[in-house]
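Asks: mmCIF, C-alpha atoms and all ligand atoms, saved as input_19.cif, coming up:
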```
data_structure
#
loop_
_atom_site.label_atom_id
_atom_site.label_comp_id
_atom_site.auth_asym_id
_atom_site.auth_seq_id
_atom_site.Cartn_x
_atom_site.Cartn_y
_atom_site.Cartn_z
CA MET A 1446 19.32 17.58 21.92
CA SER A 1447 18.17 17.34 18.35
CA ARG A 1448 15.08 19.13 17.07
CA ASN A 1449 13.61 15.71 16.23
CA HIS A 1450 13.82 14.81 19.93
CA ASP A 1451 12.28 18.11 21.00
CA LEU A 1452 9.45 17.81 18.50
CA PHE A 1453 8.73 14.21 19.48
CA ALA A 1454 8.57 15.16 23.16
CA ARG A 1455 6.24 18.05 22.31
CA ALA A 1456 4.08 15.94 19.98
CA GLN A 1457 3.46 13.34 22.65
CA LYS A 1458 1.77 15.92 24.84
CA THR A 1459 -1.12 16.52 22.46
CA ILE A 1460 -1.05 13.62 19.97
CA PRO A 1461 -1.39 10.00 21.20
CA GLY A 1462 2.07 8.48 20.86
CA GLY A 1463 3.18 11.66 19.12
CA VAL A 1464 2.05 10.45 15.70
CA ASN A 1465 -1.06 10.41 13.53
CA SER A 1466 -0.47 6.86 12.24
CA PRO A 1467 1.18 4.19 14.43
CA VAL A 1468 4.02 2.92 12.21
CA ARG A 1469 5.47 6.45 12.14
CA ALA A 1470 6.34 6.15 15.83
CA PHE A 1471 9.35 3.81 15.23
CA CYS A 1472 7.93 1.41 17.87
CA SER A 1473 9.27 -1.71 16.22
CA VAL A 1474 12.77 -0.32 15.63
CA GLY A 1475 13.08 2.01 18.62
CA GLY A 1476 14.48 5.53 18.61
CA THR A 1477 13.06 8.91 17.74
CA PRO A 1478 11.00 9.41 14.60
CA CYS A 1479 12.30 11.89 12.04
CA PHE A 1480 10.10 14.95 11.69
CA ILE A 1481 10.24 15.80 8.00
CA GLU A 1482 10.20 19.41 6.91
CA ARG A 1483 10.50 19.28 3.14
CA ALA A 1484 11.10 16.95 0.24
CA LEU A 1485 12.28 17.03 -3.35
CA GLY A 1486 12.67 14.16 -5.84
CA PRO A 1487 14.07 11.08 -4.04
CA HIS A 1488 15.06 13.01 -0.88
CA PHE A 1489 13.55 14.51 2.21
CA TRP A 1490 15.03 16.61 5.02
CA ASP A 1491 14.29 16.30 8.72
CA ALA A 1492 13.96 18.99 11.39
CA ASP A 1493 17.71 18.82 12.05
CA GLY A 1494 18.42 19.58 8.40
CA LYS A 1495 19.61 16.03 7.68
CA ARG A 1496 18.91 14.72 4.17
CA TYR A 1497 17.66 11.18 3.55
CA ILE A 1498 17.10 9.07 0.47
CA ASP A 1499 13.42 8.25 0.87
CA TYR A 1500 12.29 4.66 0.25
CA ILE A 1501 8.83 4.99 1.78
CA GLY A 1502 7.51 7.63 -0.63
CA SER A 1503 4.70 8.56 1.79
CA TRP A 1504 3.95 4.80 1.99
CA GLY A 1505 3.48 4.45 -1.75
CA PRO A 1506 1.99 7.53 -3.39
CA MET A 1507 5.17 9.36 -4.44
CA ILE A 1508 5.98 7.29 -7.52
CA LEU A 1509 7.13 10.44 -9.36
CA GLY A 1510 9.33 11.52 -6.47
CA HIS A 1511 8.53 14.52 -4.30
CA LEU A 1512 7.27 17.80 -5.71
CA ASP A 1513 7.05 16.68 -9.32
CA ALA A 1514 6.91 19.84 -11.45
CA GLN A 1515 3.82 18.85 -13.46
CA VAL A 1516 1.86 17.69 -10.43
CA LEU A 1517 2.83 20.85 -8.57
CA ALA A 1518 1.67 23.03 -11.48
CA ALA A 1519 -1.67 21.18 -11.67
CA VAL A 1520 -2.26 21.59 -7.93
CA GLN A 1521 -1.27 25.28 -8.03
CA THR A 1522 -3.76 25.91 -10.82
CA ALA A 1523 -6.52 24.06 -8.97
CA LEU A 1524 -5.66 25.90 -5.77
CA THR A 1525 -6.44 29.28 -7.31
CA ARG A 1526 -9.95 28.11 -8.25
CA GLY A 1527 -11.15 27.03 -4.83
CA PHE A 1528 -10.32 24.33 -2.29
CA SER A 1529 -13.55 22.36 -2.21
CA PHE A 1530 -17.07 22.84 -3.55
CA GLY A 1531 -19.12 19.81 -2.47
CA THR A 1532 -20.58 19.70 -5.97
CA PRO A 1533 -19.67 17.60 -8.99
CA THR A 1534 -16.75 18.87 -11.10
CA GLU A 1535 -15.54 18.09 -14.61
CA ALA A 1536 -12.12 17.03 -13.27
CA GLU A 1537 -13.81 14.15 -11.37
CA ILE A 1538 -15.24 12.84 -14.64
CA GLU A 1539 -11.78 13.03 -16.23
CA MET A 1540 -10.33 11.15 -13.27
CA ALA A 1541 -13.02 8.45 -13.50
CA GLU A 1542 -12.49 8.16 -17.27
CA GLU A 1543 -8.74 7.85 -16.80
CA ILE A 1544 -9.11 5.12 -14.13
CA CYS A 1545 -11.63 3.15 -16.24
CA LYS A 1546 -9.32 3.40 -19.26
CA LEU A 1547 -6.21 2.24 -17.39
CA VAL A 1548 -7.87 -0.52 -15.33
CA PRO A 1549 -10.40 -2.14 -17.69
CA SER A 1550 -12.09 -4.29 -15.00
CA ILE A 1551 -13.34 -0.98 -13.57
CA GLU A 1552 -16.41 0.01 -15.56
CA GLN A 1553 -17.55 2.53 -12.99
CA VAL A 1554 -15.68 4.10 -10.11
CA ARG A 1555 -16.48 6.10 -6.99
CA LEU A 1556 -13.86 8.45 -5.52
CA VAL A 1557 -13.25 8.54 -1.77
CA SER A 1558 -10.55 10.09 0.42
CA SER A 1559 -8.61 7.12 1.85
CA GLY A 1560 -7.84 3.49 1.16
CA THR A 1561 -9.74 2.55 4.31
CA GLU A 1562 -12.88 4.17 2.94
CA ALA A 1563 -12.38 2.38 -0.38
CA THR A 1564 -12.17 -1.12 1.14
CA MET A 1565 -14.87 -0.47 3.73
CA SER A 1566 -17.25 0.76 1.03
CA ALA A 1567 -16.37 -2.07 -1.35
CA LEU A 1568 -17.24 -4.59 1.37
CA ARG A 1569 -20.56 -2.93 2.12
CA LEU A 1570 -21.34 -2.92 -1.58
CA ALA A 1571 -20.42 -6.60 -1.90
CA ARG A 1572 -22.66 -7.45 1.04
CA GLY A 1573 -25.50 -5.34 -0.32
CA PHE A 1574 -25.15 -6.87 -3.78
CA THR A 1575 -24.94 -10.51 -2.70
CA GLY A 1576 -27.21 -10.33 0.35
CA ARG A 1577 -24.53 -12.30 2.26
CA HIS A 1578 -22.40 -11.33 5.26
CA ARG A 1579 -19.22 -13.36 5.32
CA ILE A 1580 -15.92 -11.83 4.22
CA ILE A 1581 -12.74 -13.78 3.57
CA LYS A 1582 -9.39 -12.08 4.04
CA PHE A 1583 -5.83 -13.34 4.30
CA SER A 1584 -3.39 -13.20 7.15
CA GLY A 1585 -0.77 -10.50 6.55
CA CYS A 1586 -2.89 -8.52 4.10
CA TYR A 1587 -3.82 -5.07 5.40
CA HIS A 1588 -6.85 -3.33 4.02
CA GLY A 1589 -7.08 -0.26 6.24
CA HIS A 1590 -8.70 -0.02 9.64
CA ALA A 1591 -12.42 -0.70 9.14
CA ASP A 1592 -13.74 -3.03 11.88
CA SER A 1593 -14.44 -6.07 9.68
CA LEU A 1594 -10.94 -5.93 8.23
CA LEU A 1595 -8.95 -5.38 11.40
CA ILE A 1596 -8.79 -9.06 12.08
CA LYS A 1597 -5.24 -10.40 12.36
CA ALA A 1598 -4.09 -7.57 10.09
CA GLY A 1599 -0.43 -7.13 9.18
CA SER A 1600 1.73 -4.03 9.09
CA GLY A 1601 1.63 -1.67 12.08
CA LEU A 1602 -0.40 -4.08 14.13
CA LEU A 1603 2.14 -6.84 13.75
CA SER A 1604 4.90 -4.53 14.73
CA PHE A 1605 3.09 -4.02 18.01
CA GLY A 1606 2.51 -7.74 18.44
CA GLN A 1607 -1.28 -7.32 18.50
CA PRO A 1608 -3.07 -9.67 16.19
CA THR A 1609 -6.37 -7.78 16.51
CA SER A 1610 -7.45 -4.35 17.70
CA ALA A 1611 -9.36 -3.68 20.92
CA GLY A 1612 -12.69 -2.06 20.18
CA VAL A 1613 -13.74 -4.36 17.35
CA PRO A 1614 -16.94 -6.10 18.51
CA GLU A 1615 -16.90 -9.88 18.30
CA ALA A 1616 -20.24 -9.70 16.54
CA ILE A 1617 -18.48 -7.97 13.65
CA ALA A 1618 -15.31 -10.06 13.78
CA GLN A 1619 -17.27 -13.27 13.50
CA HIS A 1620 -18.29 -12.40 9.95
CA THR A 1621 -14.67 -12.29 8.78
CA THR A 1622 -12.74 -15.49 8.11
CA VAL A 1623 -8.97 -15.13 7.95
CA LEU A 1624 -7.07 -17.64 5.83
CA GLU A 1625 -3.40 -18.17 5.03
CA TYR A 1626 -2.10 -16.31 1.98
CA ASN A 1627 -1.18 -18.58 -0.95
CA ASN A 1628 -2.68 -21.67 0.73
CA LEU A 1629 -4.73 -23.32 -2.03
CA ALA A 1630 -5.93 -26.32 -0.03
CA GLN A 1631 -7.28 -24.20 2.82
CA LEU A 1632 -9.03 -21.93 0.35
CA SER A 1633 -10.71 -24.83 -1.44
CA GLU A 1634 -11.81 -26.40 1.85
CA THR A 1635 -13.28 -23.11 3.05
CA PHE A 1636 -15.31 -22.61 -0.12
CA ALA A 1637 -16.44 -26.23 -0.01
CA SER A 1638 -17.81 -25.78 3.50
CA ILE A 1639 -19.11 -22.18 3.59
CA GLY A 1640 -18.95 -21.03 -0.05
CA GLU A 1641 -22.63 -20.04 -0.19
CA GLU A 1642 -22.22 -17.69 2.82
CA ILE A 1643 -19.36 -15.69 1.32
CA ALA A 1644 -20.17 -12.17 0.13
CA ALA A 1645 -16.62 -11.35 -0.91
CA VAL A 1646 -13.00 -12.31 -0.78
CA ILE A 1647 -10.67 -9.35 -0.39
CA VAL A 1648 -7.00 -9.79 -1.20
CA GLU A 1649 -3.85 -7.83 -1.92
CA PRO A 1650 -2.83 -9.66 -5.12
CA ILE A 1651 0.72 -8.55 -4.38
CA ALA A 1652 0.91 -8.01 -0.65
CA GLY A 1653 2.92 -5.09 0.66
CA ASN A 1654 1.87 -5.10 4.28
CA MET A 1655 3.82 -8.16 5.45
CA ASN A 1656 6.94 -7.00 3.66
CA LEU A 1657 6.50 -7.80 -0.06
CA VAL A 1658 4.86 -11.18 -0.71
CA ARG A 1659 3.50 -12.08 -4.13
CA GLY A 1660 0.27 -13.97 -4.54
CA THR A 1661 1.09 -17.00 -6.68
CA PRO A 1662 -0.70 -17.13 -10.07
CA GLU A 1663 -2.32 -20.47 -9.01
CA PHE A 1664 -3.64 -18.94 -5.81
CA LEU A 1665 -5.15 -15.92 -7.53
CA ARG A 1666 -6.60 -18.04 -10.37
CA LEU A 1667 -8.19 -20.41 -7.86
CA LEU A 1668 -9.66 -17.43 -6.00
CA ARG A 1669 -11.23 -16.18 -9.21
CA GLU A 1670 -12.65 -19.61 -10.03
CA LEU A 1671 -14.07 -20.27 -6.58
CA CYS A 1672 -15.67 -16.83 -6.29
CA THR A 1673 -17.35 -17.26 -9.67
CA GLN A 1674 -18.53 -20.79 -8.82
CA HIS A 1675 -20.01 -19.77 -5.48
CA GLY A 1676 -21.45 -16.35 -6.36
CA ALA A 1677 -18.99 -14.44 -4.14
CA LEU A 1678 -17.33 -11.23 -5.30
CA LEU A 1679 -13.58 -11.05 -5.76
CA ILE A 1680 -12.16 -7.74 -4.51
CA PHE A 1681 -8.58 -6.87 -5.40
CA ASP A 1682 -7.23 -4.38 -2.92
CA GLU A 1683 -4.80 -2.52 -5.15
CA VAL A 1684 -4.51 0.52 -2.91
CA MET A 1685 -0.78 -0.17 -2.84
CA SER A 1686 -0.15 -2.26 -5.97
CA GLY A 1687 -2.36 -0.15 -8.27
CA PHE A 1688 -0.19 1.89 -10.68
CA ARG A 1689 2.80 0.77 -8.59
CA VAL A 1690 3.59 -2.67 -10.01
CA ALA A 1691 2.34 -1.88 -13.56
CA LEU A 1692 0.12 0.72 -15.21
CA GLY A 1693 -2.86 -1.64 -15.01
CA GLY A 1694 -1.94 -2.85 -11.50
CA ALA A 1695 -1.41 -6.43 -10.35
CA GLN A 1696 -4.56 -7.53 -12.21
CA ALA A 1697 -2.87 -6.61 -15.49
CA LEU A 1698 0.28 -8.53 -14.56
CA TYR A 1699 -1.66 -11.68 -13.62
CA GLY A 1700 -4.37 -11.37 -16.27
CA ILE A 1701 -7.11 -11.83 -13.65
CA THR A 1702 -10.30 -9.79 -13.63
CA PRO A 1703 -11.69 -8.99 -10.17
CA ASP A 1704 -15.31 -7.94 -9.67
CA LEU A 1705 -14.29 -4.88 -7.64
CA SER A 1706 -10.97 -3.10 -7.13
CA CYS A 1707 -9.79 -0.64 -4.51
CA LEU A 1708 -7.28 2.03 -5.39
CA GLY A 1709 -5.54 4.72 -3.34
CA LYS A 1710 -2.08 6.13 -2.68
CA ILE A 1711 -0.78 6.87 -6.23
CA ILE A 1712 -4.17 8.01 -7.55
CA GLY A 1713 -3.98 10.95 -5.14
CA GLY A 1714 -0.39 11.84 -6.09
CA GLY A 1715 0.29 12.50 -2.38
CA MET A 1716 -3.09 14.13 -1.71
CA PRO A 1717 -6.00 12.33 0.00
CA ALA A 1718 -7.74 10.47 -2.82
CA ALA A 1719 -8.73 6.83 -3.22
CA ALA A 1720 -11.37 4.94 -5.15
CA PHE A 1721 -13.32 1.72 -5.50
CA GLY A 1722 -14.90 0.46 -8.67
CA GLY A 1723 -15.65 -2.48 -10.89
CA ARG A 1724 -18.54 -4.14 -12.67
CA ARG A 1725 -21.25 -1.71 -13.72
CA ASP A 1726 -24.07 -3.99 -12.52
CA ILE A 1727 -22.52 -4.08 -9.04
CA MET A 1728 -21.73 -0.36 -8.90
CA ALA A 1729 -25.37 0.37 -9.82
CA HIS A 1730 -26.29 -0.76 -6.30
CA LEU A 1731 -24.61 2.32 -4.80
CA ALA A 1732 -26.59 5.35 -3.66
CA PRO A 1733 -28.04 7.46 -5.25
CA LEU A 1734 -28.94 4.71 -7.78
CA GLY A 1735 -29.21 1.81 -5.38
CA ALA A 1736 -29.72 0.89 -1.76
CA VAL A 1737 -26.07 0.71 -0.59
CA TYR A 1738 -25.22 3.99 1.11
CA GLN A 1739 -21.82 5.60 0.66
CA ALA A 1740 -20.79 9.28 0.74
CA GLY A 1741 -18.02 11.77 1.52
CA THR A 1742 -17.82 15.55 2.16
CA LEU A 1743 -14.38 15.80 0.54
CA ALA A 1744 -14.73 12.90 -1.93
CA GLY A 1745 -13.37 13.98 -5.32
CA ASN A 1746 -11.71 17.03 -3.74
CA PRO A 1747 -10.48 19.31 -6.54
CA LEU A 1748 -6.90 19.56 -5.27
CA ALA A 1749 -6.58 15.81 -4.75
CA VAL A 1750 -8.10 15.12 -8.16
CA ALA A 1751 -5.75 17.61 -9.81
CA ALA A 1752 -2.73 15.91 -8.21
CA GLY A 1753 -4.04 12.45 -9.06
CA LEU A 1754 -4.86 13.23 -12.67
CA ALA A 1755 -1.50 14.88 -13.29
CA THR A 1756 0.19 11.83 -11.75
CA LEU A 1757 -1.78 9.32 -13.83
CA LYS A 1758 -0.90 11.25 -17.01
CA ARG A 1759 2.82 11.19 -16.19
CA LEU A 1760 2.71 7.42 -15.63
CA GLN A 1761 1.63 6.89 -19.23
CA ALA A 1762 4.90 8.26 -20.66
CA PRO A 1763 6.61 5.67 -22.90
CA ASN A 1764 8.78 3.20 -20.95
CA PHE A 1765 7.88 4.71 -17.57
CA TYR A 1766 7.43 1.30 -15.92
CA ASP A 1767 10.47 -0.24 -17.63
CA GLN A 1768 12.59 2.54 -16.21
CA LEU A 1769 11.00 2.27 -12.77
CA GLU A 1770 11.50 -1.49 -12.71
CA ALA A 1771 15.15 -1.12 -13.80
CA ARG A 1772 15.78 1.27 -10.91
CA THR A 1773 14.16 -1.02 -8.40
CA ALA A 1774 16.07 -4.01 -9.79
CA ARG A 1775 19.37 -2.14 -9.49
CA LEU A 1776 18.59 -1.47 -5.82
CA THR A 1777 17.51 -4.99 -4.89
CA ALA A 1778 20.29 -6.74 -6.83
CA GLY A 1779 22.86 -4.40 -5.27
CA LEU A 1780 21.53 -4.94 -1.75
CA THR A 1781 21.56 -8.71 -2.20
CA GLN A 1782 25.12 -8.63 -3.49
CA ALA A 1783 26.29 -6.38 -0.65
CA ALA A 1784 24.67 -8.63 1.95
CA HIS A 1785 26.09 -11.82 0.45
CA GLU A 1786 29.57 -10.31 0.19
CA ALA A 1787 29.36 -9.66 3.92
CA GLY A 1788 28.21 -13.25 4.49
CA MET A 1789 24.68 -12.37 5.56
CA THR A 1790 21.60 -14.49 4.91
CA PHE A 1791 19.51 -12.12 2.85
CA SER A 1792 17.17 -12.05 -0.13
CA THR A 1793 15.01 -9.52 -1.94
CA ASP A 1794 12.09 -9.29 -4.33
CA HIS A 1795 10.64 -6.50 -6.40
CA VAL A 1796 7.75 -5.82 -8.76
CA GLY A 1797 7.64 -2.53 -10.65
CA GLY A 1798 8.51 0.18 -8.14
CA MET A 1799 7.88 -1.90 -5.01
CA PHE A 1800 10.42 -4.08 -3.17
CA GLY A 1801 10.89 -6.42 -0.24
CA LEU A 1802 14.02 -7.07 1.84
CA TYR A 1803 14.23 -10.29 3.89
CA PHE A 1804 16.84 -11.52 6.32
CA ALA A 1805 16.11 -15.02 5.04
CA ALA A 1806 17.57 -17.30 2.39
CA HIS A 1807 14.42 -17.29 0.26
CA ARG A 1808 11.56 -14.97 -0.55
CA PRO A 1809 8.62 -15.67 1.79
CA THR A 1810 5.23 -16.78 0.50
CA SER A 1811 3.15 -16.15 3.63
CA LEU A 1812 3.05 -14.13 6.83
CA ALA A 1813 4.29 -17.16 8.78
CA GLU A 1814 7.42 -17.28 6.60
CA VAL A 1815 8.00 -13.54 6.98
CA SER A 1816 7.74 -13.92 10.74
CA HIS A 1817 10.30 -16.76 10.70
CA SER A 1818 12.94 -14.70 8.90
CA ASN A 1819 15.67 -13.23 11.08
CA LEU A 1820 13.80 -10.11 12.16
CA ASP A 1821 16.44 -9.30 14.81
CA ASN A 1822 18.76 -8.17 12.04
CA PHE A 1823 16.26 -5.68 10.72
CA LYS A 1824 16.49 -3.21 13.60
CA PRO A 1825 20.27 -2.60 13.45
CA PHE A 1826 20.07 -2.61 9.64
CA PHE A 1827 17.41 0.08 9.73
CA HIS A 1828 19.33 2.29 12.17
CA HIS A 1829 22.69 1.98 10.39
CA MET A 1830 21.04 2.93 7.10
CA LEU A 1831 19.14 5.80 8.71
CA ALA A 1832 22.36 7.15 10.22
CA ALA A 1833 23.91 6.96 6.75
CA GLY A 1834 21.02 9.00 5.33
CA VAL A 1835 18.88 6.21 3.86
CA TYR A 1836 15.29 6.01 5.08
CA PHE A 1837 13.71 2.56 4.77
CA ALA A 1838 10.34 1.74 6.32
CA PRO A 1839 10.76 1.48 10.11
CA SER A 1840 9.32 -2.05 10.23
CA ALA A 1841 10.30 -5.41 8.76
CA TYR A 1842 6.66 -5.93 7.80
CA GLU A 1843 6.53 -3.19 5.19
CA ALA A 1844 7.38 -3.12 1.51
CA GLY A 1845 9.63 -0.34 0.19
CA PHE A 1846 9.05 2.04 -2.71
CA VAL A 1847 11.27 3.44 -5.43
CA SER A 1848 10.33 6.52 -7.43
CA ILE A 1849 11.28 7.46 -10.96
CA THR A 1850 13.67 10.05 -9.46
CA HIS A 1851 15.78 7.36 -7.74
CA ASP A 1852 18.48 7.49 -10.41
CA ASP A 1853 21.73 5.50 -10.55
CA THR A 1854 23.60 7.99 -8.37
CA VAL A 1855 20.95 7.82 -5.65
CA ILE A 1856 20.86 4.04 -5.74
CA ASP A 1857 24.65 3.74 -5.75
CA THR A 1858 24.81 6.01 -2.68
CA THR A 1859 22.29 3.66 -1.03
CA LEU A 1860 24.39 0.63 -1.93
CA ALA A 1861 27.58 2.19 -0.55
CA ALA A 1862 25.74 2.75 2.74
CA ALA A 1863 24.44 -0.83 2.63
CA ARG A 1864 27.94 -2.29 2.20
CA MET A 1865 29.09 -0.48 5.34
CA THR A 1866 25.94 -1.48 7.18
CA PHE A 1867 26.16 -5.19 6.35
CA ALA A 1868 29.86 -5.23 7.29
CA ALA A 1869 29.01 -3.59 10.63
CA LEU A 1870 26.20 -6.10 11.27
CA GLN A 1871 28.62 -9.00 10.79
CA ARG A 1872 31.03 -7.68 13.42
N1 LIG A 1901 -5.22 -1.27 1.48
C1 LIG A 1901 -3.90 -1.44 1.36
C2 LIG A 1901 -3.38 -2.56 0.52
C3 LIG A 1901 -3.02 -0.57 2.01
O1 LIG A 1901 -1.71 -0.77 1.89
C4 LIG A 1901 -3.55 0.47 2.79
C5 LIG A 1901 -2.65 1.40 3.51
O2 LIG A 1901 -1.48 1.21 3.64
C6 LIG A 1901 -4.93 0.62 2.87
C7 LIG A 1901 -5.75 -0.27 2.21
C8 LIG A 1901 -5.53 1.72 3.69
O3 LIG A 1901 -5.31 2.93 3.07
P1 LIG A 1901 -5.35 4.31 3.92
O4 LIG A 1901 -4.16 4.28 4.80
O5 LIG A 1901 -5.30 5.37 2.85
O6 LIG A 1901 -6.63 4.32 4.66
#
```
As structure tokens, please, write out the structure in this file.

Replies:
Amino acid sequence: MSRNHDLFARAQKTIPGGVNSPVRAFCSVGGTPCFIERALGPHFWDADGKRYIDYIGSWGPMILGHLDAQVLAAVQTALTRGFSFGTPTEAEIEMAEEICKLVPSIEQVRLVSSGTEATMSALRLARGFTGRHRIIKFSGCYHGHADSLLIKAGSGLLSFGQPTSAGVPEAIAQHTTVLEYNNLAQLSETFASIGEEIAAVIVEPIAGNMNLVRGTPEFLRLLRELCTQHGALLIFDEVMSGFRVALGGAQALYGITPDLSCLGKIIGGGMPAAAFGGRRDIMAHLAPLGAVYQAGTLAGNPLAVAAGLATLKRLQAPNFYDQLEARTARLTAGLTQAAHEAGMTFSTDHVGGMFGLYFAAHRPTSLAEVSHSNLDNFKPFFHHMLAAGVYFAPSAYEAGFVSITHDDTVIDTTLAAARMTFAALQR
């Protein structure tokens, strides 16, 4: 028996399903989850001492690789000063200033502890600001697990074949309209019929929760236009894409200014920090200034802020994103070549340090297209790669992440494993 097996058996006695977040349970690929003990750079080690090349990066945050020396030093310094005060700190101002500088659509920002809190609070603010109730979201986009957003969500839910969660009251669900991603006609029709009811449209401008699917520029431009025309707020959920696809996030790549943005993952550098922010006149509606309530005991936690600030500073090094993109491109081009050499139907996409792998001839543009790709191939692909020491996300509905420490040697080791894997799949 491996220690991973023993730990999983033990975990299931006191933790539902043995995990604290569903996708970790390997339900859609089968097998025993790896219990990770430590990590460094592009690698982590499981309870059996096996080393893996890590392409989940804690589901996005670890853009600098694990245990970055500068982030570690910043956290160690903060640690000696106290874990949490529940009072304002100067580091929070620095963090807010840094975010507002790097993402210019954010004039004011509020720190929270998770992406779920960020999107949930942004929606409440949008409703409070507009005095309307209806939310539009898109099939395959995941925005965390607040009730009004857990409507046909992607990611873990899809892996379990459950389009919605039990426990979400219909009375809440009925205020959320779910549309198809990248479908311009449906979007226009919806605004034409219920535009004046819509408080906000929330979207992942580059979606990473149905594998990687890019919003088309036309789709995102139309969203901006329609929201402005109808007095609805446009919320970019950049919890995943923020600081991942470019320093200024997807909004910088597309040149589109949302009213509100949600950030998370990278801004905590691996610690629990997230944020929502945007137009000053909208943010002024938040308590203690305005009537929209929002709060958090650990919001702006000094350790999380120290990790986040140190991370954001490192990202501003010259050519950081060019280098990150080059690494990701080397991986995706190599995987495509290896698959095609083995005669597999396979394609990839990447933006910055984020990538998608599809057992399909073309990159998908919607959840329906992702679901039509040959998902049966994903499971054996995942397990062959895992056995070879390469850890991809254990679901075909997740994007992958490359860090700045995934150098040529690491990527070439991955590609060697992929060539063997694709050959084995063809047998
Ligand atoms: N929004 C997006 C785009 C995400 O990818 C996620 C998490 O994966 C969330 C929101 C929720 O963030 P958290 O898991 O920190 O609550």

Asks: Using all atoms listed in the file, which residues of chain A come within 7 Å of ligand LIG 1901 (chain A), and what is the closest atom pair for each, with the distance in Å to one decimal? Give it as a Markdown table, sorted by chain and residue number.

Replies:
```
| residue | atom | partner | partner_atom | distance |
| --- | --- | --- | --- | --- |
| A:Trp1504 | CA | A:LIG1901 | O2 | 6.7 |
| A:Ser1559 | CA | A:LIG1901 | O5 | 3.9 |
| A:Gly1560 | CA | A:LIG1901 | O3 | 3.2 |
| A:Thr1561 | CA | A:LIG1901 | O6 | 3.6 |
| A:Glu1562 | CA | A:LIG1901 | O6 | 6.5 |
| A:Thr1564 | CA | A:LIG1901 | C7 | 6.6 |
| A:Cys1586 | CA | A:LIG1901 | C2 | 7.0 |
| A:Tyr1587 | CA | A:LIG1901 | C1 | 5.4 |
| A:His1588 | CA | A:LIG1901 | N1 | 3.7 |
| A:Gly1589 | CA | A:LIG1901 | C8 | 3.6 |
| A:His1590 | CA | A:LIG1901 | O6 | 6.9 |
| A:Glu1649 | CA | A:LIG1901 | C2 | 5.8 |
| A:Gly1653 | CA | A:LIG1901 | O1 | 6.5 |
| A:Asn1654 | CA | A:LIG1901 | O1 | 6.1 |
| A:Asp1682 | CA | A:LIG1901 | C2 | 5.5 |
| A:Glu1683 | CA | A:LIG1901 | C2 | 5.8 |
| A:Val1684 | CA | A:LIG1901 | C1 | 4.7 |
| A:Met1685 | CA | A:LIG1901 | O1 | 4.9 |
| A:Gly1709 | CA | A:LIG1901 | O5 | 6.2 |
| A:Lys1710 | CA | A:LIG1901 | O5 | 6.4 |
```

Asks: So that I can check the surroundings of Met1565 of chain A, please list as a PyMOL selection string every protein, DNA and RNA residue that reaches within 12 Å of it, counting only C-alpha atoms and ignoring chain neighbours fewer than 3 positions away.

Replies: chain A and resi 1557-1562+1568-1572+1580+1588-1595+1645+1647+1680+1682+1706-1707+1719-1721+1738-1740

Asks: Compare A:Phe1846, A:Phe1765, A:Phe1453, A:Phe1867 by their minimum atom-to-atom distance to Phe1804 of chain A, counting all atoms listed in the file, and give me the closest one.

Replies: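 Selected residue with least distance to Phe1804 of chain A: A:Phe1867.
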
Asks: In the coordinate frame of the file, compute which residues have an atom within 10 Å of (1.3, -11.5, -12.9) when using all atoms listed in the file, and state them as a JSON list (two decimals) with C-alpha atoms, in the frame of the given file.

Replies:
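Resulting contents of result-v7.json:
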```
[["chain", "number", "residue", "atom", "x", "y", "z"],
["A", 1650, "PRO", "CA", -2.83, -9.66, -5.12],
["A", 1651, "ILE", "CA", 0.72, -8.55, -4.38],
["A", 1659, "ARG", "CA", 3.50, -12.08, -4.13],
["A", 1660, "GLY", "CA", 0.27, -13.97, -4.54],
["A", 1661, "THR", "CA", 1.09, -17.00, -6.68],
["A", 1662, "PRO", "CA", -0.70, -17.13, -10.07],
["A", 1665, "LEU", "CA", -5.15, -15.92, -7.53],
["A", 1690, "VAL", "CA", 3.59, -2.67, -10.01],
["A", 1691, "ALA", "CA", 2.34, -1.88, -13.56],
["A", 1694, "GLY", "CA", -1.94, -2.85, -11.50],
["A", 1695, "ALA", "CA", -1.41, -6.43, -10.35],
["A", 1696, "GLN", "CA", -4.56, -7.53, -12.21],
["A", 1697, "ALA", "CA", -2.87, -6.61, -15.49],
["A", 1698, "LEU", "CA", 0.28, -8.53, -14.56],
["A", 1699, "TYR", "CA", -1.66, -11.68, -13.62],
["A", 1700, "GLY", "CA", -4.37, -11.37, -16.27],
["A", 1701, "ILE", "CA", -7.11, -11.83, -13.65],
["A", 1796, "VAL", "CA", 7.75, -5.82, -8.76]]
```

Asks: Report the distance between atom CA of Thr1866 of chain A and atom CA of Leu1831 of chain A in Å, rounded to one decimal place.

Replies: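 Atom CA of Thr1866 of chain A sits 10.1 Å away from atom CA of Leu1831 of chain A.
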
Asks: Place a sphere of radius 8 Å on (12.2, -5.6, 1.2) in the file coordinates and name every protein, DNA or RNA residue with an atom inside or on its surface, counting only C-alpha atoms; give the answer as a list in words.

Replies: Asn1656, Leu1657, Thr1793, Asp1794, His1795, Phe1800, Gly1801, Leu1802, Tyr1803, Ala1841, Glu1843, Ala1844 and Gly1845 of chain A

Asks: So, counting all atoms listed in the file, which residue among A:Asp1493, A:Tyr1842, A:Ala1806, A:Gly1779 is closest to Ala1863 of chain A?

Replies: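 When distances to Ala1863 of chain A are compared using all atoms listed in the file, the smallest one comes from A:Gly1779.
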
Asks: Compile the contact shell of Ile1596 of chain A as an MDAnalysis selection string: residues with an atom at most 12 Å away, counting all atoms listed in the file, same-chain residues fewer than 2 positions apart removed.

Replies: chainID A and resid 1580:1594 1598:1599 1602:1603 1607:1615 1617:1624
